[in-house]
Amino acid sequence: MIRDALLILVSGAIACGGSAKDTKSPTSPPNAPVHGPDAHHLHTHAPHRHGDQPLGHRFENAEEWAKRFDGPSRDVWQKPADIVALMEIAPGMTVADIGAGTGYFLPYLSAATGDTGLVLGLDIEVDMVRYMEMRANREKLANVKARTVAVADPELSLGSVDRVLIVDTWHHIPERVAYAKKIAKGLRPGGAVFIVDFTMETERGPHKDHRLSSESIVAELTEAGLTAEIIGEELPDQFIVRGRLP
Ligand SMILES: C[S@@+](CC[C@H](N)C(=O)[O-])C[C@H]1O[C@@H](n2cnc3c(N)ncnc32)[C@H](O)[C@@H]1O
């Protein structure tokens with residue numbers, strides 16, 4: 001039984017974040033600091049669940065996650081400014097960052113939308129929302145509002161949002177076609193959703209069993225009624241899928 005439990009822990013640690021070459025003990029607590037190329041997405045992992053539960057582990061204790069998500073080395077491969085440029089955000093727009101975590105993208109989105117715009121930092125974790133509020137105050141991001149949302153619903157008002165950004169989060173969302181339909185209802189005419197996630201090939205990111213191909217995400221958005229395509233070649237480890245209202 002102990003052997004089975006260890007096997008579950010090992011496969012769990014590899015499943016969502018680490019790579020097979022991770023040397024960190026899989027029994028390390030989720031909050032233990034991690035360094036190295038896979039640090040952004042290495043953590044212990046509960047079995048995947050379905051329905052109104054997120055797929056994978058929870059993201060609690062924002063301060064600890066911030067050490068991984070907000071480290072300066074991330075900018076090199078994440079290229080946040082390039083992603084936000086691709087989103088073609090005009091001043092005054094409303095942008096939702098779904099699964100915004102510690103708010104890594106919020107300063108970029110805040111600058112792009114400007115004084116007359118609005119940025120919604122949405123997450124299922126209360127502690128991430130607390131951290132985003134603290135960050136918005138600290139960095140004087142006056143047009144940012146953070147709020148908790150349900151696992152299965154981004155809770156966007158009908159036709160209220162011009163752009164949606166979802167980074168390293170789509171693979172945590174259950175019932176993705178139904179979820180994409182809710183995003184589509186929240187978009188204004190001309191609105192678009194941008195999903196950024198790890199390619200199958202890269203060594204960075206969750207275990208390959210838990211990744212989604214860019215093609216499958218295009219298919220999910222298309223089934224939800226959006227016009228979807230893979231765009232941009234800017235990122236070394238990730239793809240970008242855009243879904244637009246037809
Ligand atoms: C890997 S982190 C990415 C954080 C952020 N997007 C970034 O790039 O730094 C995934 C985040 O998505 C959140 N999340 C997971 N499932 C979610 C869901 N169904 N709806 C909204 N947020 C979710 C988690 O709580 C976590 O903060």
# chains A, B, ... in the order shown; residues from 1 in each chain; ligands from 1
call {"tool": "residues_near_ligand", "arguments": {"ligand": "ligand 1", "cutoff": "8 Å", "atoms": "only C-alpha atoms and all ligand atoms", "output": "count of residues only"}}
result
39
call {"tool": "select_by_dssp", "arguments": {"residues": "segment 86-156 of chain A", "states": "strand (DSSP E)", "output": "list of chain:residue names"}}
result
A:Thr94, A:Val95, A:Ala96, A:Asp97, A:Ile98, A:Leu118, A:Val119, A:Leu120, A:Gly121, A:Leu122, A:Asp123, A:Val144, A:Lys145, A:Ala146, A:Arg147, A:Thr148
call {"tool": "residues_around", "arguments": {"residues": "Thr227 of chain A", "least_positions_apart": "6", "cutoff": "10 Å", "atoms": "only C-alpha atoms", "output": "CSV table (one decimal) with N, CA and C atoms, in the first residue's frame"}}
result
chain,number,residue,atom,x,y,z
A,192,ALA,N,-12.4,38.8,-28.8
A,192,ALA,CA,-11.5,37.6,-29.1
A,192,ALA,C,-11.0,37.0,-27.8
A,218,VAL,N,-8.2,24.5,-30.9
A,218,VAL,CA,-8.9,25.1,-32.0
A,218,VAL,C,-10.2,24.4,-32.2
A,219,ALA,N,-10.2,23.0,-32.1
A,219,ALA,CA,-11.4,22.3,-32.3
A,219,ALA,C,-12.5,22.6,-31.2
A,221,LEU,N,-12.7,25.4,-29.4
A,221,LEU,CA,-13.3,26.8,-29.6
A,221,LEU,C,-14.3,26.8,-30.8
A,242,ARG,N,-6.1,31.8,-31.1
A,242,ARG,CA,-7.1,32.9,-31.0
A,242,ARG,C,-8.5,32.4,-31.4
A,243,GLY,N,-9.5,32.7,-30.6
A,243,GLY,CA,-10.9,32.4,-31.0
A,243,GLY,C,-11.7,33.8,-31.1
A,244,ARG,N,-12.3,34.0,-32.3
A,244,ARG,CA,-13.0,35.2,-32.4
A,244,ARG,C,-14.5,35.0,-32.6
A,245,LEU,N,-15.3,35.9,-32.3
A,245,LEU,CA,-16.7,35.8,-32.6
A,245,LEU,C,-16.9,35.9,-34.1
A,246,PRO,N,-17.7,35.0,-34.7
A,246,PRO,CA,-17.8,35.0,-36.2
A,246,PRO,C,-18.5,36.3,-36.7
call {"tool": "residues_around", "arguments": {"residues": "segment 233-241 of chain A", "least_positions_apart": "4", "cutoff": "9 Å", "atoms": "only C-alpha atoms", "output": "PDB file with N, CA, C and O atoms, in the first residue's frame"}}
result
ATOM      1  N   TRP A  77      11.164  33.628 -21.874  1.00  0.00           N
ATOM      2  CA  TRP A  77      10.445  32.673 -22.724  1.00  0.00           C
ATOM      3  C   TRP A  77       8.953  32.964 -22.818  1.00  0.00           C
ATOM      4  O   TRP A  77       8.300  32.571 -23.777  1.00  0.00           O
ATOM      5  N   GLN A  78       8.425  33.699 -21.816  1.00  0.00           N
ATOM      6  CA  GLN A  78       6.980  33.963 -21.821  1.00  0.00           C
ATOM      7  C   GLN A  78       6.613  35.119 -22.747  1.00  0.00           C
ATOM      8  O   GLN A  78       5.523  35.154 -23.309  1.00  0.00           O
ATOM      9  N   LYS A  79       7.568  36.072 -22.883  1.00  0.00           N
ATOM     10  CA  LYS A  79       7.389  37.223 -23.780  1.00  0.00           C
ATOM     11  C   LYS A  79       6.018  37.905 -23.603  1.00  0.00           C
ATOM     12  O   LYS A  79       5.229  38.012 -24.562  1.00  0.00           O
ATOM     13  N   ASP A  82       5.003  40.713 -26.060  1.00  0.00           N
ATOM     14  CA  ASP A  82       4.668  40.248 -27.410  1.00  0.00           C
ATOM     15  C   ASP A  82       3.251  39.678 -27.450  1.00  0.00           C
ATOM     16  O   ASP A  82       2.499  39.889 -28.407  1.00  0.00           O
ATOM     17  N   ILE A  83       2.895  38.917 -26.416  1.00  0.00           N
ATOM     18  CA  ILE A  83       1.545  38.334 -26.377  1.00  0.00           C
ATOM     19  C   ILE A  83       0.493  39.436 -26.328  1.00  0.00           C
ATOM     20  O   ILE A  83      -0.484  39.422 -27.082  1.00  0.00           O
ATOM     21  N   VAL A 193     -10.751  35.699 -27.779  1.00  0.00           N
ATOM     22  CA  VAL A 193     -10.085  35.027 -26.667  1.00  0.00           C
ATOM     23  C   VAL A 193      -8.739  34.497 -27.152  1.00  0.00           C
ATOM     24  O   VAL A 193      -8.629  34.011 -28.282  1.00  0.00           O
ATOM     25  N   PHE A 194      -7.720  34.614 -26.302  1.00  0.00           N
ATOM     26  CA  PHE A 194      -6.367  34.144 -26.637  1.00  0.00           C
ATOM     27  C   PHE A 194      -5.953  33.115 -25.598  1.00  0.00           C
ATOM     28  O   PHE A 194      -5.900  33.430 -24.396  1.00  0.00           O
ATOM     29  N   ILE A 195      -5.673  31.913 -26.064  1.00  0.00           N
ATOM     30  CA  ILE A 195      -5.257  30.838 -25.159  1.00  0.00           C
ATOM     31  C   ILE A 195      -3.791  30.516 -25.432  1.00  0.00           C
ATOM     32  O   ILE A 195      -3.416  30.190 -26.559  1.00  0.00           O
ATOM     33  N   VAL A 196      -2.983  30.636 -24.376  1.00  0.00           N
ATOM     34  CA  VAL A 196      -1.540  30.372 -24.479  1.00  0.00           C
ATOM     35  C   VAL A 196      -1.238  29.158 -23.605  1.00  0.00           C
ATOM     36  O   VAL A 196      -1.601  29.140 -22.430  1.00  0.00           O
ATOM     37  N   ASP A 197      -0.597  28.156 -24.178  1.00  0.00           N
ATOM     38  CA  ASP A 197      -0.242  26.986 -23.361  1.00  0.00           C
ATOM     39  C   ASP A 197       0.967  26.288 -23.965  1.00  0.00           C
ATOM     40  O   ASP A 197       1.418  26.633 -25.062  1.00  0.00           O
ATOM     41  N   PHE A 198       1.497  25.313 -23.229  1.00  0.00           N
ATOM     42  CA  PHE A 198       2.761  24.678 -23.611  1.00  0.00           C
ATOM     43  C   PHE A 198       2.590  23.711 -24.779  1.00  0.00           C
ATOM     44  O   PHE A 198       1.617  22.953 -24.831  1.00  0.00           O
ATOM     45  N   THR A 199       3.566  23.735 -25.679  1.00  0.00           N
ATOM     46  CA  THR A 199       3.538  22.791 -26.803  1.00  0.00           C
ATOM     47  C   THR A 199       3.852  21.383 -26.296  1.00  0.00           C
ATOM     48  O   THR A 199       4.384  21.207 -25.207  1.00  0.00           O
ATOM     49  N   MET A 200       3.531  20.408 -27.115  1.00  0.00           N
ATOM     50  CA  MET A 200       3.822  19.021 -26.771  1.00  0.00           C
ATOM     51  C   MET A 200       5.335  18.774 -26.719  1.00  0.00           C
ATOM     52  O   MET A 200       5.803  17.911 -26.000  1.00  0.00           O
ATOM     53  N   GLU A 201       6.090  19.547 -27.481  1.00  0.00           N
ATOM     54  CA  GLU A 201       7.516  19.250 -27.655  1.00  0.00           C
ATOM     55  C   GLU A 201       8.392  19.798 -26.534  1.00  0.00           C
ATOM     56  O   GLU A 201       9.417  19.197 -26.187  1.00  0.00           O
ATOM     57  N   THR A 202       8.003  20.925 -25.953  1.00  0.00           N
ATOM     58  CA  THR A 202       8.931  21.600 -25.049  1.00  0.00           C
ATOM     59  C   THR A 202       9.159  20.823 -23.748  1.00  0.00           C
ATOM     60  O   THR A 202       8.285  20.089 -23.281  1.00  0.00           O
ATOM     61  N   GLU A 203      10.335  21.027 -23.168  1.00  0.00           N
ATOM     62  CA  GLU A 203      10.664  20.401 -21.878  1.00  0.00           C
ATOM     63  C   GLU A 203      10.022  21.169 -20.726  1.00  0.00           C
ATOM     64  O   GLU A 203       9.952  20.683 -19.610  1.00  0.00           O
ATOM     65  N   ARG A 204       9.595  22.395 -20.985  1.00  0.00           N
ATOM     66  CA  ARG A 204       8.978  23.203 -19.936  1.00  0.00           C
ATOM     67  C   ARG A 204       7.487  22.871 -19.867  1.00  0.00           C
ATOM     68  O   ARG A 204       6.911  22.498 -20.872  1.00  0.00           O
ATOM     69  N   GLY A 205       6.882  23.038 -18.683  1.00  0.00           N
ATOM     70  CA  GLY A 205       5.435  22.878 -18.582  1.00  0.00           C
ATOM     71  C   GLY A 205       5.011  21.578 -17.951  1.00  0.00           C
ATOM     72  O   GLY A 205       5.837  20.800 -17.478  1.00  0.00           O
ATOM     73  N   SER A 213      -3.067  19.714 -27.278  1.00  0.00           N
ATOM     74  CA  SER A 213      -2.466  20.222 -28.510  1.00  0.00           C
ATOM     75  C   SER A 213      -3.184  21.499 -28.929  1.00  0.00           C
ATOM     76  O   SER A 213      -4.363  21.713 -28.598  1.00  0.00           O
ATOM     77  N   SER A 214      -2.472  22.331 -29.674  1.00  0.00           N
ATOM     78  CA  SER A 214      -3.102  23.559 -30.173  1.00  0.00           C
ATOM     79  C   SER A 214      -4.281  23.215 -31.081  1.00  0.00           C
ATOM     80  O   SER A 214      -5.307  23.894 -31.070  1.00  0.00           O
ATOM     81  N   GLU A 215      -4.154  22.103 -31.821  1.00  0.00           N
ATOM     82  CA  GLU A 215      -5.241  21.698 -32.736  1.00  0.00           C
ATOM     83  C   GLU A 215      -6.500  21.328 -31.951  1.00  0.00           C
ATOM     84  O   GLU A 215      -7.619  21.638 -32.363  1.00  0.00           O
ATOM     85  N   ILE A 217      -7.394  22.498 -29.096  1.00  0.00           N
ATOM     86  CA  ILE A 217      -8.002  23.727 -28.553  1.00  0.00           C
ATOM     87  C   ILE A 217      -8.749  24.478 -29.658  1.00  0.00           C
ATOM     88  O   ILE A 217      -9.849  24.985 -29.441  1.00  0.00           O
ATOM     89  N   VAL A 218      -8.159  24.503 -30.857  1.00  0.00           N
ATOM     90  CA  VAL A 218      -8.874  25.091 -31.997  1.00  0.00           C
ATOM     91  C   VAL A 218     -10.216  24.374 -32.176  1.00  0.00           C
ATOM     92  O   VAL A 218     -11.267  25.013 -32.371  1.00  0.00           O
ATOM     93  N   ALA A 228     -11.666  29.935 -34.869  1.00  0.00           N
ATOM     94  CA  ALA A 228     -10.420  29.729 -34.118  1.00  0.00           C
ATOM     95  C   ALA A 228      -9.256  29.405 -35.027  1.00  0.00           C
ATOM     96  O   ALA A 228      -9.406  28.727 -36.050  1.00  0.00           O
ATOM     97  N   GLU A 229      -8.075  29.870 -34.642  1.00  0.00           N
ATOM     98  CA  GLU A 229      -6.855  29.552 -35.392  1.00  0.00           C
ATOM     99  C   GLU A 229      -5.624  29.698 -34.496  1.00  0.00           C
ATOM    100  O   GLU A 229      -5.661  30.390 -33.488  1.00  0.00           O
TER     101      GLU A 229
END
call {"tool": "select_by_dssp", "arguments": {"residues": "segment 52-148 of chain A", "states": "helix (DSSP H, G or I)", "output": "number ranges by chain"}}
result
A: 62-69, 74-78, 80-86, 106-113, 126-138
call {"tool": "atom_distance", "arguments": {"atom1": "atom CA of Lys145 of chain A", "atom2": "atom CA of Gly186 of chain A"}}
result
16.7 Å
